[in-house]
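**Student:** One file: work_12.txt (compact mmCIF, C-alpha atoms).
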```txt
# COMPACT_ATOMS: atom_id res chain seq x y z
CA MET A 1 -8.91 -46.85 -4.99
CA LYS A 2 -11.81 -44.86 -3.59
CA LYS A 3 -12.45 -41.38 -4.93
CA THR A 4 -12.00 -40.01 -1.42
CA ASP A 5 -8.57 -41.60 -1.21
CA SER A 6 -7.55 -40.10 -4.54
CA LEU A 7 -7.78 -36.64 -3.02
CA PHE A 8 -4.87 -37.52 -0.73
CA ASN A 9 -2.70 -38.33 -3.76
CA LYS A 10 0.37 -36.13 -3.59
CA ASN A 11 0.46 -35.97 -7.39
CA LEU A 12 -2.78 -34.01 -7.47
CA PRO A 13 -2.49 -30.22 -7.81
CA PRO A 14 -3.63 -28.13 -4.82
CA LEU A 15 -7.33 -27.47 -4.39
CA ALA A 16 -6.96 -23.84 -5.53
CA GLU A 17 -5.60 -25.08 -8.86
CA ARG A 18 -8.17 -27.86 -9.28
CA VAL A 19 -11.21 -25.60 -8.82
CA ARG A 20 -9.82 -22.73 -10.89
CA PRO A 21 -12.70 -21.46 -13.12
CA LYS A 22 -12.45 -22.34 -16.81
CA THR A 23 -14.97 -19.81 -18.13
CA ILE A 24 -15.91 -16.25 -17.35
CA ASP A 25 -19.38 -17.38 -16.24
CA ASN A 26 -17.87 -19.39 -13.39
CA PHE A 27 -15.47 -16.66 -12.27
CA ILE A 28 -16.33 -15.17 -8.88
CA GLY A 29 -15.35 -11.61 -8.06
CA GLN A 30 -14.06 -8.60 -10.04
CA ASP A 31 -17.57 -7.61 -11.11
CA HIS A 32 -16.27 -4.18 -12.14
CA LEU A 33 -14.29 -5.93 -14.89
CA ILE A 34 -16.26 -9.02 -15.87
CA GLY A 35 -19.85 -8.02 -15.11
CA PRO A 36 -22.37 -7.42 -17.90
CA ASN A 37 -21.13 -4.73 -20.30
CA LYS A 38 -17.86 -4.41 -18.35
CA ILE A 39 -14.52 -4.10 -20.10
CA ILE A 40 -13.20 -7.68 -19.99
CA ASN A 41 -16.61 -9.15 -20.78
CA GLN A 42 -16.85 -6.87 -23.79
CA MET A 43 -13.35 -7.80 -24.86
CA LEU A 44 -14.23 -11.50 -24.80
CA SER A 45 -17.60 -11.15 -26.51
CA LYS A 46 -16.13 -9.02 -29.30
CA ARG A 47 -12.94 -11.11 -29.48
CA LYS A 48 -10.81 -8.02 -29.16
CA TYR A 49 -7.07 -8.54 -29.01
CA TYR A 50 -5.07 -5.98 -27.05
CA SER A 51 -2.39 -6.16 -24.42
CA ILE A 52 -3.33 -5.73 -20.77
CA ILE A 53 -1.71 -5.56 -17.35
CA LEU A 54 -3.67 -7.16 -14.51
CA TRP A 55 -2.76 -5.39 -11.28
CA GLY A 56 -4.08 -6.78 -8.03
CA PRO A 57 -3.29 -8.50 -4.73
CA PRO A 58 -2.31 -12.19 -4.51
CA GLY A 59 -5.15 -14.65 -5.04
CA SER A 60 -7.45 -12.15 -6.73
CA GLY A 61 -7.69 -14.11 -10.00
CA LYS A 62 -5.05 -12.62 -12.31
CA THR A 63 -3.78 -15.93 -13.70
CA THR A 64 -7.30 -17.34 -13.95
CA LEU A 65 -8.49 -14.34 -15.96
CA ALA A 66 -5.50 -14.59 -18.28
CA ARG A 67 -6.27 -18.24 -19.02
CA ILE A 68 -9.96 -17.53 -19.55
CA ILE A 69 -9.09 -14.73 -21.97
CA ALA A 70 -6.78 -17.03 -23.93
CA LYS A 71 -9.35 -19.79 -24.13
CA SER A 72 -12.24 -17.48 -25.00
CA THR A 73 -10.31 -15.84 -27.83
CA GLU A 74 -9.06 -19.20 -29.15
CA SER A 75 -5.48 -18.04 -28.71
CA ILE A 76 -2.40 -20.06 -27.90
CA MET A 77 -1.17 -19.01 -24.48
CA TYR A 78 2.45 -19.12 -23.39
CA GLU A 79 2.95 -18.76 -19.64
CA ILE A 80 6.19 -17.64 -18.07
CA SER A 81 7.17 -16.24 -14.69
CA ALA A 82 9.43 -13.21 -14.47
CA VAL A 83 11.07 -14.86 -11.47
CA SER A 84 12.55 -17.74 -13.49
CA SER A 85 12.51 -16.51 -17.11
CA GLY A 86 14.67 -14.16 -19.13
CA VAL A 87 15.17 -12.55 -22.54
CA LYS A 88 15.90 -15.92 -24.16
CA ASP A 89 12.49 -17.27 -23.09
CA ILE A 90 10.79 -14.14 -24.41
CA ARG A 91 12.48 -14.46 -27.80
CA ASN A 92 11.58 -18.16 -28.04
CA ILE A 93 7.91 -17.32 -27.50
CA ILE A 94 8.07 -14.50 -30.05
CA ASP A 95 9.52 -16.92 -32.61
CA LYS A 96 6.64 -19.34 -31.99
CA ALA A 97 4.15 -16.49 -32.19
CA LEU A 98 5.46 -15.47 -35.60
CA ILE A 99 4.75 -18.99 -36.88
CA ASN A 100 1.29 -18.91 -35.28
CA ASN A 101 0.56 -15.59 -36.99
CA ASP A 102 1.41 -17.09 -40.37
CA ASN A 103 -1.25 -19.71 -39.65
CA GLY A 104 -3.81 -17.12 -38.55
CA ILE A 105 -3.55 -17.96 -34.86
CA ASN A 106 -3.27 -15.30 -32.17
CA SER A 107 -0.67 -15.76 -29.42
CA ILE A 108 -0.92 -14.56 -25.84
CA MET A 109 2.20 -14.22 -23.72
CA PHE A 110 1.23 -14.34 -20.06
CA ILE A 111 3.97 -13.03 -17.77
CA ASP A 112 3.36 -13.58 -14.09
CA GLU A 113 5.03 -11.08 -11.74
CA ILE A 114 6.00 -8.90 -14.67
CA HIS A 115 7.24 -6.26 -12.22
CA ARG A 116 10.26 -8.49 -11.57
CA PHE A 117 11.50 -8.15 -15.16
CA SER A 118 14.40 -5.74 -15.59
CA LYS A 119 14.25 -2.82 -18.01
CA SER A 120 16.20 -4.74 -20.65
CA GLN A 121 13.89 -7.73 -20.31
CA GLN A 122 10.85 -5.51 -20.72
CA ASP A 123 12.50 -3.78 -23.67
CA ALA A 124 12.72 -7.17 -25.42
CA LEU A 125 8.91 -7.27 -25.50
CA LEU A 126 8.30 -3.87 -27.03
CA HIS A 127 8.48 -4.52 -30.77
CA ALA A 128 6.55 -7.79 -30.60
CA VAL A 129 3.76 -6.14 -28.61
CA GLU A 130 3.72 -3.00 -30.73
CA GLU A 131 3.59 -4.95 -34.00
CA GLY A 132 0.92 -7.33 -32.71
CA VAL A 133 3.10 -10.42 -32.90
CA VAL A 134 1.93 -11.31 -29.40
CA THR A 135 -0.80 -10.06 -27.10
CA LEU A 136 0.76 -9.37 -23.74
CA VAL A 137 -1.08 -10.22 -20.54
CA GLY A 138 1.02 -9.25 -17.55
CA ALA A 139 0.16 -9.91 -13.92
CA THR A 140 1.58 -7.90 -11.07
CA THR A 141 0.97 -7.20 -7.40
CA GLU A 142 2.91 -3.93 -7.67
CA ASN A 143 1.87 -0.58 -9.12
CA PRO A 144 2.60 -0.82 -12.88
CA SER A 145 3.29 2.91 -13.02
CA PHE A 146 6.44 2.29 -10.99
CA GLU A 147 7.42 -1.22 -12.08
CA VAL A 148 6.64 -1.39 -15.83
CA ILE A 149 8.60 0.78 -18.28
CA SER A 150 6.61 3.63 -19.82
CA PRO A 151 6.88 2.49 -23.49
CA LEU A 152 5.48 -0.93 -22.61
CA LEU A 153 2.84 0.54 -20.30
CA SER A 154 1.65 2.86 -23.08
CA ARG A 155 1.02 -0.17 -25.29
CA ALA A 156 -1.16 -1.94 -22.73
CA ARG A 157 -4.31 -1.24 -20.76
CA VAL A 158 -4.12 -1.59 -16.98
CA PHE A 159 -6.98 -3.40 -15.22
CA THR A 160 -7.05 -3.16 -11.43
CA LEU A 161 -8.28 -6.21 -9.54
CA GLU A 162 -9.55 -6.04 -5.98
CA ALA A 163 -9.10 -8.46 -3.10
CA ILE A 164 -11.89 -11.05 -3.06
CA GLN A 165 -14.80 -9.72 -0.99
CA GLU A 166 -16.11 -11.70 1.98
CA ASN A 167 -19.39 -12.77 0.37
CA GLN A 168 -17.53 -13.83 -2.77
CA MET A 169 -14.96 -15.76 -0.74
CA GLN A 170 -17.73 -17.55 1.10
CA LYS A 171 -19.21 -18.66 -2.20
CA ILE A 172 -15.81 -19.91 -3.41
CA ILE A 173 -15.30 -21.91 -0.21
CA ILE A 174 -18.78 -23.46 -0.22
CA ASN A 175 -18.50 -24.37 -3.91
CA ALA A 176 -15.21 -26.17 -3.22
CA THR A 177 -16.75 -28.17 -0.35
CA LYS A 178 -19.62 -29.32 -2.59
CA ASP A 179 -17.64 -30.05 -5.77
CA ILE A 180 -17.11 -33.82 -5.89
CA ASP A 181 -15.18 -33.94 -9.17
CA ARG A 182 -12.63 -31.19 -8.64
CA GLY A 183 -13.16 -30.01 -5.07
CA ILE A 184 -13.27 -31.83 -1.73
CA GLY A 185 -16.95 -32.73 -1.84
CA SER A 186 -16.19 -36.46 -1.65
CA GLN A 187 -14.52 -35.88 1.73
CA ARG A 188 -17.88 -34.64 3.04
CA PRO A 189 -16.49 -31.59 4.87
CA LYS A 190 -18.74 -29.44 7.00
CA LEU A 191 -18.02 -25.94 8.28
CA ASP A 192 -20.25 -23.84 10.50
CA LYS A 193 -20.70 -20.10 10.05
CA ASP A 194 -17.97 -19.19 12.55
CA SER A 195 -15.44 -21.48 10.86
CA ILE A 196 -16.16 -20.03 7.43
CA GLU A 197 -15.91 -16.46 8.70
CA PHE A 198 -12.66 -17.28 10.47
CA LEU A 199 -11.20 -18.83 7.31
CA ILE A 200 -12.24 -15.80 5.28
CA ALA A 201 -10.68 -13.40 7.79
CA LEU A 202 -7.38 -15.25 7.88
CA SER A 203 -7.16 -15.54 4.09
CA ASN A 204 -7.10 -11.74 3.79
CA GLY A 205 -8.85 -11.70 0.41
CA ASP A 206 -6.57 -14.35 -1.13
CA ALA A 207 -8.63 -17.21 -2.58
CA ARG A 208 -5.54 -19.41 -2.92
CA ILE A 209 -4.81 -19.20 0.80
CA ALA A 210 -8.43 -19.91 1.72
CA LEU A 211 -8.81 -22.93 -0.57
CA ASN A 212 -5.50 -24.57 0.22
CA ALA A 213 -6.05 -24.07 3.95
CA LEU A 214 -9.52 -25.55 3.56
CA GLU A 215 -8.09 -28.64 1.88
CA LEU A 216 -5.40 -29.10 4.52
CA ALA A 217 -7.94 -28.66 7.32
CA SER A 218 -10.19 -31.26 5.72
CA ILE A 219 -7.37 -33.75 5.30
CA SER A 220 -6.30 -33.15 8.91
CA THR A 221 -9.80 -33.77 10.25
CA GLU A 222 -10.92 -37.31 11.03
CA PRO A 223 -14.43 -38.16 9.78
CA ASP A 224 -17.07 -38.93 12.38
CA LYS A 225 -19.12 -42.15 12.43
CA SER A 226 -21.29 -40.93 9.56
CA GLY A 227 -18.25 -40.03 7.47
CA ILE A 228 -18.60 -36.26 7.87
CA ARG A 229 -15.53 -34.16 8.58
CA ILE A 230 -16.45 -31.37 11.01
CA ILE A 231 -13.89 -28.65 10.26
CA THR A 232 -13.64 -26.48 13.36
CA LYS A 233 -12.34 -22.98 13.83
CA SER A 234 -9.44 -24.33 15.90
CA LYS A 235 -8.48 -26.73 13.11
CA ILE A 236 -8.36 -23.86 10.60
CA GLU A 237 -6.31 -21.80 13.01
CA ASP A 238 -3.93 -24.72 13.44
CA VAL A 239 -3.27 -25.21 9.72
CA MET A 240 -2.90 -21.46 9.10
CA GLN A 241 -0.80 -20.53 12.10
CA ASN A 242 2.37 -20.27 10.06
CA ARG A 243 0.89 -18.31 7.19
CA SER A 244 3.08 -15.43 6.01
CA GLN A 245 1.95 -11.84 6.13
CA ILE A 246 0.99 -10.38 2.76
CA TYR A 247 3.44 -7.56 3.12
CA ASP A 248 6.37 -6.61 0.90
CA LYS A 249 8.63 -4.11 2.61
CA THR A 250 9.58 -2.63 -0.76
CA GLY A 251 6.18 -2.85 -2.44
CA ASP A 252 2.76 -1.25 -2.54
CA ASN A 253 1.51 -2.93 0.63
CA HIS A 254 4.37 -1.37 2.54
CA TYR A 255 3.45 2.11 1.35
CA ASP A 256 -0.29 1.53 1.66
CA THR A 257 0.04 0.42 5.28
CA ILE A 258 2.32 3.23 6.42
CA SER A 259 0.00 5.65 4.60
CA ALA A 260 -3.02 4.25 6.46
CA PHE A 261 -1.06 4.46 9.72
CA ILE A 262 -0.11 8.12 9.25
CA LYS A 263 -3.54 9.16 8.00
CA SER A 264 -5.27 7.42 10.91
CA ILE A 265 -3.10 9.31 13.43
CA ARG A 266 -3.76 12.55 11.55
CA ALA A 267 -7.48 11.74 11.73
CA SER A 268 -7.15 11.41 15.55
CA ASP A 269 -8.24 7.75 15.48
CA PRO A 270 -6.08 5.88 18.03
CA ASP A 271 -7.77 2.52 17.40
CA ALA A 272 -7.16 2.46 13.64
CA SER A 273 -3.65 3.81 14.25
CA ILE A 274 -2.79 0.98 16.65
CA TYR A 275 -4.25 -1.58 14.22
CA TYR A 276 -2.01 -0.46 11.35
CA LEU A 277 0.95 -0.31 13.74
CA ALA A 278 0.23 -3.92 14.68
CA ARG A 279 0.11 -4.94 11.02
CA MET A 280 3.51 -3.42 10.40
CA ILE A 281 5.05 -4.95 13.50
CA GLU A 282 3.62 -8.40 12.74
CA ALA A 283 4.93 -8.18 9.17
CA GLY A 284 8.46 -7.43 10.37
CA GLU A 285 8.60 -3.78 9.37
CA ASP A 286 11.75 -1.94 10.47
CA PRO A 287 10.76 -0.35 13.82
CA MET A 288 13.13 2.55 13.21
CA PHE A 289 11.27 3.34 10.00
CA ILE A 290 8.04 3.55 12.01
CA ALA A 291 9.73 5.70 14.67
CA ARG A 292 11.08 8.11 12.06
CA ARG A 293 7.60 8.55 10.62
CA LEU A 294 6.26 9.31 14.09
CA VAL A 295 8.88 12.04 14.53
CA ILE A 296 7.86 13.57 11.19
CA LEU A 297 4.17 13.37 12.08
CA ALA A 298 4.72 14.93 15.49
CA SER A 299 6.20 17.99 13.78
CA GLU A 300 4.04 18.10 10.69
CA ASP A 301 0.57 17.22 11.97
CA VAL A 302 0.49 17.69 15.75
CA GLY A 303 2.91 20.58 15.72
CA LEU A 304 2.53 23.50 18.08
CA ALA A 305 -0.93 22.43 19.19
CA ASN A 306 1.01 20.10 21.49
CA PRO A 307 4.75 20.96 21.56
CA GLN A 308 5.41 17.90 23.76
CA ALA A 309 4.54 15.63 20.84
CA LEU A 310 7.93 16.03 19.19
CA SER A 311 9.70 15.25 22.48
CA ILE A 312 7.60 12.12 22.89
CA ALA A 313 8.32 11.00 19.31
CA VAL A 314 12.07 11.57 19.61
CA ALA A 315 12.12 9.76 22.97
CA THR A 316 10.27 6.88 21.30
CA GLN A 317 12.88 6.66 18.57
CA GLN A 318 15.63 6.55 21.20
CA ALA A 319 13.77 3.99 23.32
CA VAL A 320 13.15 1.65 20.38
CA HIS A 321 16.79 1.94 19.33
CA PHE A 322 17.91 1.24 22.90
CA VAL A 323 15.70 -1.70 23.85
CA GLY A 324 15.02 -3.22 20.41
CA MET A 325 12.11 -5.52 19.61
CA PRO A 326 9.78 -7.01 20.72
CA GLU A 327 9.79 -4.65 23.73
CA GLY A 328 10.06 -1.67 21.39
CA ARG A 329 6.46 -2.26 20.34
CA ILE A 330 5.32 -0.71 23.64
CA PRO A 331 6.90 2.77 23.25
CA LEU A 332 5.78 2.70 19.60
CA ALA A 333 2.23 2.00 20.76
CA GLU A 334 2.42 4.71 23.45
CA ALA A 335 3.64 7.31 20.95
CA THR A 336 1.03 6.26 18.40
CA ILE A 337 -1.83 6.62 20.88
CA TYR A 338 -0.43 9.89 22.26
CA LEU A 339 -0.07 11.48 18.82
CA ALA A 340 -3.45 10.23 17.61
CA SER A 341 -5.09 11.63 20.75
CA SER A 342 -3.33 15.01 20.58
CA PRO A 343 -4.81 18.21 19.14
CA LYS A 344 -3.55 18.81 15.60
CA SER A 345 -1.99 21.79 13.87
CA ASN A 346 0.14 22.19 10.76
CA SER A 347 0.70 25.93 11.31
CA ALA A 348 4.50 25.62 11.57
CA ASN A 349 4.60 23.57 8.39
CA ALA A 350 2.52 26.16 6.54
CA ALA A 351 4.61 29.01 7.95
CA ILE A 352 7.99 27.63 6.87
CA ASP A 353 6.73 26.61 3.42
CA GLU A 354 5.37 30.09 2.73
CA ALA A 355 8.53 31.73 4.05
CA ILE A 356 10.71 29.53 1.82
CA GLN A 357 8.63 30.57 -1.18
CA ASP A 358 9.27 34.25 -0.34
CA VAL A 359 13.00 33.58 0.09
CA LYS A 360 13.05 32.01 -3.38
CA ARG A 361 10.92 34.80 -4.83
CA ILE A 362 12.99 37.65 -3.32
CA PRO A 363 16.50 36.25 -2.76
CA GLY A 364 19.08 38.29 -0.84
CA GLU A 365 16.59 40.76 0.64
CA PRO A 366 18.58 43.17 2.90
CA ILE A 367 18.28 42.46 6.61
CA PRO A 368 17.25 45.54 8.66
CA LEU A 369 20.31 47.32 10.05
CA HIS A 370 19.24 47.14 13.68
CA LEU A 371 19.21 43.33 13.51
CA ARG A 372 22.66 42.99 12.00
CA ASN A 373 25.69 42.01 14.07
CA ALA A 374 28.10 44.91 14.59
CA THR A 375 31.41 43.07 14.80
CA SER A 376 33.81 45.89 13.85
CA ASP A 377 34.16 49.67 13.71
CA LEU A 378 33.37 49.51 10.02
CA THR A 379 30.05 47.77 10.53
CA LYS A 380 29.20 50.08 13.43
CA ASN A 381 29.86 53.09 11.22
CA LEU A 382 27.53 51.57 8.64
CA GLY A 383 24.75 51.51 11.23
CA TYR A 384 24.79 47.80 12.06
CA GLY A 385 22.95 47.17 15.32
CA GLU A 386 21.88 50.79 15.67
CA GLY A 387 18.48 51.16 17.28
CA TYR A 388 18.28 47.54 18.42
CA LYS A 389 16.05 47.16 21.46
CA TYR A 390 16.89 44.36 23.90
CA ALA A 391 13.53 42.72 24.73
CA HIS A 392 14.48 41.73 28.28
CA LYS A 393 14.81 45.36 29.28
CA TYR A 394 11.11 45.96 28.69
CA PRO A 395 7.94 44.92 30.58
CA ASP A 396 6.93 41.31 29.91
CA ASN A 397 10.24 40.93 28.03
CA PHE A 398 8.61 42.36 24.91
CA ILE A 399 8.94 45.47 22.77
CA ARG A 400 7.26 45.89 19.42
CA THR A 401 9.82 46.38 16.63
CA GLN A 402 9.87 45.99 12.85
CA ASN A 403 12.05 42.95 12.16
CA MET A 404 11.16 41.95 8.60
CA PRO A 405 13.00 43.11 5.49
CA LYS A 406 11.48 46.25 4.01
CA SER A 407 9.74 44.54 1.09
CA LEU A 408 8.06 42.07 3.46
CA LYS A 409 6.93 44.58 6.08
CA ASN A 410 3.72 43.42 7.81
CA LYS A 411 4.00 39.96 6.21
CA ARG A 412 2.58 37.30 8.50
CA TYR A 413 3.55 33.62 8.10
CA TYR A 414 2.53 32.05 11.38
CA GLN A 415 -1.22 31.72 11.83
CA PRO A 416 -1.89 29.85 15.10
CA SER A 417 -4.66 27.28 14.98
CA ASP A 418 -7.49 27.18 17.50
CA GLN A 419 -6.28 23.83 18.85
CA GLY A 420 -4.46 22.85 22.05
CA ASP A 421 -1.56 25.00 23.21
CA GLU A 422 -1.95 27.32 20.22
CA ILE A 423 -5.10 28.78 21.79
CA GLU A 424 -2.89 30.43 24.45
CA THR A 425 -0.20 31.18 21.87
CA SER A 426 -2.75 33.04 19.77
CA LYS A 427 -3.86 35.12 22.77
CA ARG A 428 -0.25 35.98 23.60
CA LEU A 429 0.57 37.08 20.04
CA LEU A 430 -2.63 39.10 19.89
CA LYS A 431 -1.62 40.92 23.08
CA TRP A 432 1.87 41.65 21.71
CA TRP A 433 1.11 42.46 18.13
CA GLY A 434 -2.54 43.48 18.15
CA LYS A 435 -5.26 42.39 15.78
CA GLU A 436 -3.46 43.68 12.72
CA SER A 437 -0.66 41.74 11.05
CA LYS A 438 2.84 42.62 12.12
```
Just give me the structure as structure tokens.
**Tutor:**
Amino acid sequence: MKKTDSLFNKNLPPLAERVRPKTIDNFIGQDHLIGPNKIINQMLSKRKYYSIILWGPPGSGKTTLARIIAKSTESIMYEISAVSSGVKDIRNIIDKALINNDNGINSIMFIDEIHRFSKSQQDALLHAVEEGVVTLVGATTENPSFEVISPLLSRARVFTLEAIQENQMQKIIINATKDIDRGIGSQRPKLDKDSIEFLIALSNGDARIALNALELASISTEPDKSGIRIITKSKIEDVMQNRSQIYDKTGDNHYDTISAFIKSIRASDPDASIYYLARMIEAGEDPMFIARRLVILASEDVGLANPQALSIAVATQQAVHFVGMPEGRIPLAEATIYLASSPKSNSANAAIDEAIQDVKRIPGEPIPLHLRNATSDLTKNLGYGEGYKYAHKYPDNFIRTQNMPKSLKNKRYYQPSDQGDEIETSKRLLKWWGKESK
């Protein structure tokens, strides 16, 4: 059998597994952790043993780093996945680790997707980690602060991994195309600059996606007369067309994306806002969740600088509920662009928050008598409603009166911004109440 043919053997592991680096010197990416004098490099050079949590996006090298650490420290590594393992598996590894310790051998327990372990499962690790029976290396795509119990988190150091950068991904791809022994070099693949950039863009920082798509594209491409496989942009698009969005509707990516969406609208950037809206729609985010956030933003960030914003946002929520998806994407897009392009003010938000603080600070402050409702002879005799001036009886439907409780006289909560409709609002209030606070 030719070496080229062997690469089509279904028994071979995927390309991403075959070219996985074995040493820290061959690892590409995460320079902030493995570069000279960086924390993981120091840990390996000094053969330090302590538990760590590797937190990063898919395909960023968490499993690879764990294996390199185990090999470099001459430890025995036990790998389990939180998806398919339980307390029994943990205890079995701890039992083996105790035997290893008696023989002077360190044991590493690598738990992939540790965030999927329940509290009781994580509790089963505590004593073994605390007593040094095993060195824990956990991998997670979710924020450990939320997904790992505090006692276990306090016994481990958290290292944050980043998505593979474009220049690093390019190097990974090119290395795989040239590697004859473990990569696809014997297939003689050839990619031009556009094809590589397209593959990098579609992989979204995940080296696994990029490498496995590269292998499939190479296998799907017929060699030319000279035996070279010209891997085109269209071929890459074809093999990746069914890739899943890296988006967990209950995880960090969910919150990161909606945060970017809201902050882009607040920053008055309609293009970035539409982009993050598109990411959520394409990932299958609940459109009503998006609509609710638009209603909140219309009140909180656009506010009285454009009072129509809230009406637009509420109408969007109703429209999306009425027509459903995919048509609902259009009113969502309209509202997003409208809100991003509107003047911004959080004056109402600031006003109500400050007023609530005063209500809490001075509870039950007596309401001025002239504002009270005189509903009986008794309340009339007590002075309820006495001296009340009906605004519509006066020019411009306004008469200056003191309406605040006595202890808050002249207190001013609402400070109009100098944006949008509030410019006129500010002029109107100045005319009514003068330059001084009420």
**Student:** Could you tell me how far CA of Ile296 (chain A) lies from CA of Val314 (chain A), in Å and to one decimal?
**Tutor:** 9.6 Å
**Student:** Between A:Ser145, A:Ser60, A:Thr73, A:Ser226, which one has atoms that come closest to Ala207 (chain A), using all atoms listed in the file?
**Tutor:** A:Ser60
**Student:** Hey, what's within 6 Å of His370 (chain A) if we count all atoms listed in the file and toss same-chain stuff fewer than 4 positions away? As an MDAnalysis selection string, please?
**Tutor:** chainID A and resid 384:388
**Student:** Between A:Leu98, A:Phe398, A:Phe110, A:Lys46, which residue has the minimum interatomic distance to Gly132 (chain A), considering only C-alpha atoms?
**Tutor:** A:Leu98
**Student:** Env of Gln42 (chain A): 12 Å cut, atoms = only C-alpha atoms, seq-sep filter 3 positions within chain, self excluded. Answer as an mmCIF file with C-alpha atoms, in the coordinates of the input.
**Tutor:**
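What follows is the written file selection.cif:
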```cif
data_model
loop_
_atom_site.group_PDB
_atom_site.id
_atom_site.type_symbol
_atom_site.label_atom_id
_atom_site.label_comp_id
_atom_site.auth_asym_id
_atom_site.auth_seq_id
_atom_site.Cartn_x
_atom_site.Cartn_y
_atom_site.Cartn_z
ATOM 1 C CA ILE A 24 -15.910 -16.250 -17.350
ATOM 2 C CA HIS A 32 -16.270 -4.180 -12.140
ATOM 3 C CA LEU A 33 -14.290 -5.930 -14.890
ATOM 4 C CA ILE A 34 -16.260 -9.020 -15.870
ATOM 5 C CA GLY A 35 -19.850 -8.020 -15.110
ATOM 6 C CA PRO A 36 -22.370 -7.420 -17.900
ATOM 7 C CA ASN A 37 -21.130 -4.730 -20.300
ATOM 8 C CA LYS A 38 -17.860 -4.410 -18.350
ATOM 9 C CA ILE A 39 -14.520 -4.100 -20.100
ATOM 10 C CA SER A 45 -17.600 -11.150 -26.510
ATOM 11 C CA LYS A 46 -16.130 -9.020 -29.300
ATOM 12 C CA ARG A 47 -12.940 -11.110 -29.480
ATOM 13 C CA LYS A 48 -10.810 -8.020 -29.160
ATOM 14 C CA TYR A 49 -7.070 -8.540 -29.010
ATOM 15 C CA ILE A 69 -9.090 -14.730 -21.970
ATOM 16 C CA SER A 72 -12.240 -17.480 -25.000
ATOM 17 C CA THR A 73 -10.310 -15.840 -27.830
#
```
**Student:** Go through A:Pro368, A:Met325, A:Ala283, A:Ser376 and flag the residue nearest Lys409 (chain A), using all atoms listed in the file for the distances.
**Tutor:** A:Pro368
**Student:** Between CA of Leu339 (chain A) and CA of Ala355 (chain A), what is the distance, to one decimal in Å?
**Tutor:**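 It comes out at 26.5 Å.
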**Student:** Quick one, how far is CA of Ile290 (chain A) from CA of Ala333 (chain A)?
**Tutor:**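 Here the two named atoms are 10.6 Å from each other.
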**Student:** Distance cut-off 9 Å, centre (-4.0, -22.9, 1.3) in file coordinates, counting all atoms listed in the file: which residues qualify? Return them as a ChimeraX atom specification.
**Tutor:** /A:14-16,203,207-216,239-240,243
**Student:** Could you pull the residues within 12 Å of region 232-235 of chain A, counting all atoms listed in the file, minus those fewer than 6 positions along the same chain, as a PDB file with C-alpha atoms, keeping the file's coordinate frame?
**Tutor:**
```
ATOM      1  CA  PRO A 189     -16.490 -31.590   4.870  1.00  0.00           C
ATOM      2  CA  LYS A 190     -18.740 -29.440   7.000  1.00  0.00           C
ATOM      3  CA  LEU A 191     -18.020 -25.940   8.280  1.00  0.00           C
ATOM      4  CA  ASP A 192     -20.250 -23.840  10.500  1.00  0.00           C
ATOM      5  CA  LYS A 193     -20.700 -20.100  10.050  1.00  0.00           C
ATOM      6  CA  ASP A 194     -17.970 -19.190  12.550  1.00  0.00           C
ATOM      7  CA  SER A 195     -15.440 -21.480  10.860  1.00  0.00           C
ATOM      8  CA  ILE A 196     -16.160 -20.030   7.430  1.00  0.00           C
ATOM      9  CA  GLU A 197     -15.910 -16.460   8.700  1.00  0.00           C
ATOM     10  CA  PHE A 198     -12.660 -17.280  10.470  1.00  0.00           C
ATOM     11  CA  LEU A 199     -11.200 -18.830   7.310  1.00  0.00           C
ATOM     12  CA  ILE A 200     -12.240 -15.800   5.280  1.00  0.00           C
ATOM     13  CA  ALA A 201     -10.680 -13.400   7.790  1.00  0.00           C
ATOM     14  CA  LEU A 202      -7.380 -15.250   7.880  1.00  0.00           C
ATOM     15  CA  ALA A 213      -6.050 -24.070   3.950  1.00  0.00           C
ATOM     16  CA  LEU A 214      -9.520 -25.550   3.560  1.00  0.00           C
ATOM     17  CA  GLU A 215      -8.090 -28.640   1.880  1.00  0.00           C
ATOM     18  CA  LEU A 216      -5.400 -29.100   4.520  1.00  0.00           C
ATOM     19  CA  ALA A 217      -7.940 -28.660   7.320  1.00  0.00           C
ATOM     20  CA  SER A 218     -10.190 -31.260   5.720  1.00  0.00           C
ATOM     21  CA  ILE A 219      -7.370 -33.750   5.300  1.00  0.00           C
ATOM     22  CA  SER A 220      -6.300 -33.150   8.910  1.00  0.00           C
ATOM     23  CA  THR A 221      -9.800 -33.770  10.250  1.00  0.00           C
ATOM     24  CA  GLU A 222     -10.920 -37.310  11.030  1.00  0.00           C
ATOM     25  CA  GLN A 241      -0.800 -20.530  12.100  1.00  0.00           C
TER      26      GLN A 241
END
```
